[in-house]
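> Just dropping this structure here.
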Amino acid sequence: MNDMRLLERDVDAKDIKIAARKVQVYYADTHAIKDVDVDIEDKTVTAFIGPSGCGKSTFLRCLNRMNDTIDICRVEGDIRIDGEDIYDAKVDPVQLRAKVGMVFQKPNPFPKSIYDNIAYGPRIHGLARSKADLDDIVEKSLRRGAIWDEVKDRLHAPGTGLSGGQQQRLCIARAVATEPEVLLMDEPCSALDPIATSQVEELIDELRQEFSVVIVTHSMQQAARVSQKTAFFHLGNLVEYGETGQIFTTPQDPRTESYITGRIG
Amino acid sequence: MPLLWLILIVLAIAAAGYVLGRSRALASAGGDIRQLHSLPSYYGSNAALKAVVPALLLLVLWLIAQPLYINSVISGTLPDELISEGSSRGLLMAEVSRTAQGLDLAVSQGVIDEGVASDPAADFNAMTDRLKQAGAIVTSQITQPVLNAAQRYRSMSHTGTAIMSIAVIIIAVLGAFYGIRQSSAQFRARNVVEQGVRVLLVAAASIAVLTTVGIVLSLVFNTIEFFRLYPASEFFFGLSWAPSFSGRGGSSELGVLPLLWGTIYISIVALIVAVPVGLFAAIYLSEYAGSKVRAVAKPLLEVLAGIPTIVYGLFALLTVGPLLVSIFGDGGVLGVSWQGGGRAVITAGLVMGIMLIPFVSSLSDDIINAVPQAMRDGSYGLGATKSETIKQVVLPAALPGIVGAILLAASRAIGETMIVVLGAGAAARLSLNPFEAMTTVTAKIVSQLTGDSDFASPEALVAFALGMTLFVLTLGLNVFALYIVRKYREQYD
């Protein structure tokens, strides 16, 4: 955590993981995302901020094609992960979602045991060769989700019986279990109390070692605390994108400045 | 005075009370609605309620009590020697009241005049002919004491009715007056009407509950009567169902097991058809179908639920039965001769299954739709396909509700009659072969009670024992279904 040293934060130049060009999203006749260009780096936490309805969640859901499940939604433009166009006809959205994991706003554990919640993805994708292998994956994922110590004695208790913060970390562990390359988080802390929030934020910072993390958040403090890069969305446009320290101290666009100083939004 | 007129008069008084109460309240506030505690219509309703409710209550109580009272008085005066061999006081009283009704009818048709009808010295032979002429039901020759008792019965009930009419009208007028007098600006008429609405709703709810209790009690008493005539152990454990039709018990074998087996077997076949088809239809409609397909397909599927069961029965008898025989029967497509005739367990089971499809699909569809979208998103987000999501997340989350739906469908299958009568035949049989004719508890209840049945014989009373068995069975299933649904309802949330 390095929230108070925004300017000195060291940002190394890293590989581009996701490259989006001229992305347009329409909900029936509504033009929800307009001409968004963005490069998301590997092993970096990228935060999307902006007022409600600005399209940041919509854009996030384009990155793993979750918008495909909405009938009226249409996506245009070019989104590449590791140089591969994810909207190409050859790409299987189901495989893509295994590679690009997602954590949702409200914790949504399945009505199964904690163990089965984590084992769900690995089982579907055939990641475990044996029962012992699966046990290992579950333990490793729960450790990465920073929840192992709390649940190791009750792996077969229902996941819905955990507290809100534990449920959200369980969902993160569940997403991690399928070995994704990118982790998308849609306001992962908005349903959590401050203590659970700080636990999840700490976890996000650790996940940066292995994954490229994209987080949508309403809290600018949270964006400042956890991210290295920040993108500001407003009315469907990507207004400004840059290093978090720079966005929060010397924003280039007047709209960004108004938002982070609390004058719009 | 006919009852209809009496009720109309009470309603007229209430209407007058409404108008007067409303205007009195308005007058007390000087014509300014804002000065009133309640809206003017509430004052009117208050007066109307005060007129109608006590008057109608009195009317109902009187109508129940008067015949009981008159019966007890008249039957007390009938001498014992009048009661002939094999008859009872009750039968004699039935004749008396029948004769009294006949007299009323004859008078109203003008066949005899009022003076003759109430003349205690009237010739009973001539009277019998007159009554027959008027179209009254007179089973046998009226005797002098019966005629006299009938005349007394008539006069008492006429007086009673007259007193009742007057009392009811007086009560209505008094109530209306009381309501009107209450109508002043400070009176909280709105709260009184609220109470009235509450009582009305409670009354409606208790009618439903009391009817259930009544049905159960009537079953219980007749069942006890049956077990007095027929040993319970033979009923519950007897392997054969062979009622004698002479009406003189003794040789009848009334074992419930063949019927129960038929019921359960046919229901199982029906559920084997209905559950997969209904469930898959529900999954398709709720998860895969577009909104346009859904808008057309769902009502169409539910049309199935609106078809009367007798039509399903005809379908079983005329279409499905012959079709199955042409497949499984002698010289059929498969070259086997398993099925002898169209009526078989499998015929009834198949058709009943079709009948239950909308039942299962409609309930399951609602339950599947109630599974939060967040569950599906979570699963899709992990790279699961649609069918994996449904199989591993949506169905487990919806399972308690689906089990409930299936159990409710099962209790419908158990209670089904017409399809069985037409599709499965009437032979009570303990057999494992689904191509044989069998019958169910409900079908046998029908056959035991249709036609001329003596309600004192075990052959007729067994119907109540069968009904009770069925009732306990379906009640148990429903309770179990509710228990399952309640226990697992809050799994997700």
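Quick note on naming: the chains in the structure tokens go A, B, ... in the order shown, residues restart at 1 in each chain, and ligands are numbered from 1 in order of appearance.
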Pull out every residue of chain A sitting within 8 Å of chain B, counting only C-alpha atoms, and send them as a PyMOL selection string.

chain A and resi 64+66+93-99+101-104+106+108-111+121+124+160+175+178

> Can you tell me which residues surround region 404-421 of chain B at a distance of at most 8 Å, considering only C-alpha atoms, apart from same-chain residues fewer than 2 positions away, and format the answer as a ChimeraX atom specification?

/B:263-264,267,270-271,275,309-310,312-314,316,348,351-352,356,359-360,363-364,400-402,423-426,439-440,442-443,470,474,477-478,481-482,484-485

> Could you please take those selected residues and save N, CA and C atoms as a compact mmCIF listing (two decimals), in the first residue's frame?


# COMPACT_ATOMS: atom_id res chain seq x y z
N THR B 263 -52.58 -46.89 -8.04
CA THR B 263 -52.44 -45.44 -7.94
C THR B 263 -50.98 -45.04 -8.03
N ILE B 264 -50.16 -45.72 -7.22
CA ILE B 264 -48.75 -45.33 -7.16
C ILE B 264 -48.06 -45.66 -8.48
N SER B 267 -49.07 -43.16 -11.11
CA SER B 267 -48.48 -41.87 -10.80
C SER B 267 -47.00 -41.86 -11.14
N ALA B 270 -46.59 -41.52 -14.76
CA ALA B 270 -46.92 -40.14 -15.14
C ALA B 270 -45.77 -39.21 -14.82
N LEU B 271 -45.15 -39.40 -13.65
CA LEU B 271 -44.06 -38.50 -13.26
C LEU B 271 -42.82 -38.74 -14.12
N VAL B 275 -41.89 -35.20 -15.43
CA VAL B 275 -40.80 -34.45 -14.80
C VAL B 275 -39.69 -34.09 -15.79
N THR B 309 -59.88 -32.85 -17.72
CA THR B 309 -59.26 -34.17 -17.67
C THR B 309 -60.06 -35.22 -18.43
N ILE B 310 -61.36 -35.00 -18.55
CA ILE B 310 -62.16 -35.98 -19.30
C ILE B 310 -61.71 -36.02 -20.76
N TYR B 312 -58.64 -35.45 -21.75
CA TYR B 312 -57.43 -36.28 -21.72
C TYR B 312 -57.81 -37.75 -21.68
N GLY B 313 -58.87 -38.07 -20.93
CA GLY B 313 -59.33 -39.44 -20.83
C GLY B 313 -59.72 -39.98 -22.20
N LEU B 314 -60.47 -39.15 -22.96
CA LEU B 314 -60.85 -39.57 -24.31
C LEU B 314 -59.62 -39.77 -25.18
N ALA B 316 -56.72 -40.65 -24.19
CA ALA B 316 -56.10 -41.91 -23.79
C ALA B 316 -56.84 -43.09 -24.40
N ALA B 348 -52.65 -44.79 -19.30
CA ALA B 348 -53.08 -43.76 -18.36
C ALA B 348 -51.89 -42.94 -17.89
N VAL B 351 -50.66 -40.40 -20.61
CA VAL B 351 -51.57 -39.27 -20.81
C VAL B 351 -51.57 -38.37 -19.58
N MET B 352 -51.53 -39.00 -18.39
CA MET B 352 -51.50 -38.20 -17.17
C MET B 352 -50.21 -37.39 -17.11
N LEU B 356 -49.61 -33.37 -16.77
CA LEU B 356 -48.84 -32.74 -15.69
C LEU B 356 -47.70 -31.86 -16.21
N PHE B 359 -47.94 -28.24 -15.50
CA PHE B 359 -47.88 -28.06 -14.05
C PHE B 359 -46.43 -27.98 -13.59
N VAL B 360 -45.64 -28.97 -14.01
CA VAL B 360 -44.22 -29.00 -13.63
C VAL B 360 -43.47 -27.84 -14.27
N LEU B 363 -44.35 -24.18 -12.81
CA LEU B 363 -43.79 -23.93 -11.47
C LEU B 363 -42.26 -23.86 -11.53
N SER B 364 -41.64 -24.81 -12.26
CA SER B 364 -40.18 -24.83 -12.31
C SER B 364 -39.65 -23.57 -12.99
N PRO B 400 -34.70 -27.15 -4.40
CA PRO B 400 -35.79 -27.31 -3.44
C PRO B 400 -37.14 -26.95 -4.04
N GLY B 401 -37.16 -25.84 -4.79
CA GLY B 401 -38.42 -25.44 -5.41
C GLY B 401 -38.89 -26.44 -6.43
N ILE B 402 -37.94 -27.01 -7.17
CA ILE B 402 -38.32 -27.97 -8.20
C ILE B 402 -38.86 -29.25 -7.55
N GLY B 423 -58.52 -44.65 -19.21
CA GLY B 423 -57.26 -45.12 -19.78
C GLY B 423 -56.71 -46.40 -19.17
N ALA B 424 -57.01 -46.64 -17.90
CA ALA B 424 -56.35 -47.75 -17.23
C ALA B 424 -57.28 -48.91 -16.93
N GLY B 425 -58.57 -48.70 -17.17
CA GLY B 425 -59.49 -49.79 -16.93
C GLY B 425 -59.99 -49.82 -15.50
N ALA B 426 -60.66 -50.90 -15.13
CA ALA B 426 -61.29 -50.97 -13.81
C ALA B 426 -60.87 -52.21 -13.04
N THR B 439 -56.27 -50.33 -11.75
CA THR B 439 -57.14 -49.22 -11.41
C THR B 439 -56.63 -48.54 -10.16
N THR B 440 -57.20 -47.38 -9.88
CA THR B 440 -56.69 -46.59 -8.76
C THR B 440 -57.76 -46.38 -7.71
N THR B 442 -59.06 -43.58 -6.68
CA THR B 442 -60.10 -42.62 -7.07
C THR B 442 -61.13 -43.27 -7.98
N ALA B 443 -60.64 -44.05 -8.95
CA ALA B 443 -61.58 -44.68 -9.88
C ALA B 443 -62.53 -45.61 -9.12
N LEU B 470 -56.51 -41.69 0.65
CA LEU B 470 -55.99 -40.80 -0.39
C LEU B 470 -55.66 -39.42 0.19
N THR B 474 -52.04 -37.67 0.06
CA THR B 474 -51.71 -36.41 -0.63
C THR B 474 -51.36 -35.33 0.38
N LEU B 477 -47.84 -35.83 1.23
CA LEU B 477 -46.96 -35.37 0.15
C LEU B 477 -46.87 -33.85 0.13
N ASN B 478 -48.02 -33.18 0.31
CA ASN B 478 -48.01 -31.72 0.28
C ASN B 478 -47.20 -31.15 1.44
N ALA B 481 -43.67 -31.59 0.67
CA ALA B 481 -43.25 -30.63 -0.35
C ALA B 481 -43.01 -29.26 0.28
N LEU B 482 -43.95 -28.83 1.12
CA LEU B 482 -43.80 -27.52 1.77
C LEU B 482 -42.58 -27.50 2.66
N ILE B 484 -39.83 -29.26 2.35
CA ILE B 484 -38.63 -29.17 1.51
C ILE B 484 -38.42 -27.75 1.02
N VAL B 485 -39.50 -27.16 0.52
CA VAL B 485 -39.39 -25.81 -0.04
C VAL B 485 -38.95 -24.83 1.04

> Within 7 Å of region 190-206 of chain A, counting only C-alpha atoms, which residues qualify if same-chain residues fewer than 3 places away don't, as a list of chain:residue names?

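The filter keeps A:Gln105, A:Lys106, A:Gly145, A:Ala146, A:Gly164, A:Gly165, A:Arg169, A:Glu187, A:Gln209, A:Val226.
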
> Name the residues of region 379-485 of chain B that fall into helix (DSSP H, G or I) according to DSSP on the backbone, using the chain letters and numbers of this document, as number ranges by chain.

B: 379-381, 386-415, 418-423, 441-449, 458-485

> Any idea what's packed within 12 Å of Asp15 (chain A), counting only C-alpha atoms, ignoring anything in its chain fewer than 5 positions away? Could you give it as a PDB file with C-alpha atoms, in the first residue's frame?


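What follows is the written file around28.pdb:
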ATOM      1  CA  ASP A  39      -3.664  -0.088 -23.323  1.00  0.00           C
ATOM      2  CA  ILE A  40      -3.715  -2.160 -20.152  1.00  0.00           C
ATOM      3  CA  GLU A  41      -0.340  -3.331 -18.889  1.00  0.00           C
ATOM      4  CA  ASP A  42       0.595  -6.726 -17.550  1.00  0.00           C
ATOM      5  CA  LYS A  43       1.211  -7.201 -13.805  1.00  0.00           C
ATOM      6  CA  THR A  44      -0.379  -3.873 -13.077  1.00  0.00           C
ATOM      7  CA  ILE A  81      -5.367  -9.636 -25.474  1.00  0.00           C
ATOM      8  CA  ASP A  82      -1.729 -10.561 -26.137  1.00  0.00           C
ATOM      9  CA  GLY A  83      -2.276  -9.450 -29.728  1.00  0.00           C
ATOM     10  CA  SER A 212      -3.020  -8.037 -14.751  1.00  0.00           C
TER      11      SER A 212
END

> Would you mind listing what lies within 8 Å of region 161-173 of chain B as JSON, numbers by chain, with only C-alpha atoms counted and same-chain residues fewer than 5 positions away left out?

{"B": [1, 6, 9, 10, 13, 14, 50, 51, 52, 54, 55, 56, 58, 59, 62]}

> Go ahead and write the selection's residues with C-alpha atoms as a PDB file, in the first residue's frame.


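Result file is again28.pdb:
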ATOM      1  CA  MET B   1     -92.857 -13.559   2.809  1.00  0.00           C
ATOM      2  CA  LEU B   6     -86.811 -10.047   3.001  1.00  0.00           C
ATOM      3  CA  ILE B   9     -85.957  -5.061   2.121  1.00  0.00           C
ATOM      4  CA  VAL B  10     -82.936  -5.258   4.435  1.00  0.00           C
ATOM      5  CA  ILE B  13     -83.041  -0.163   4.585  1.00  0.00           C
ATOM      6  CA  ALA B  14     -79.240  -0.253   4.385  1.00  0.00           C
ATOM      7  CA  LYS B  50     -74.988  -1.454  11.099  1.00  0.00           C
ATOM      8  CA  ALA B  51     -78.251  -2.203   9.268  1.00  0.00           C
ATOM      9  CA  VAL B  52     -77.138  -5.196   7.191  1.00  0.00           C
ATOM     10  CA  PRO B  54     -76.889  -7.833  12.500  1.00  0.00           C
ATOM     11  CA  ALA B  55     -80.051  -8.362  10.424  1.00  0.00           C
ATOM     12  CA  LEU B  56     -78.460 -10.920   8.116  1.00  0.00           C
ATOM     13  CA  LEU B  58     -80.113 -13.018  12.761  1.00  0.00           C
ATOM     14  CA  LEU B  59     -81.638 -14.270   9.500  1.00  0.00           C
ATOM     15  CA  TRP B  62     -82.992 -18.232  12.546  1.00  0.00           C
TER      16      TRP B  62
END

> Calculated over only C-alpha atoms, which of the candidates B:Thr319, B:Ser183, B:Ser431, B:Ser362 has the smallest distance to Ser240 (chain B)?

B:Ser431
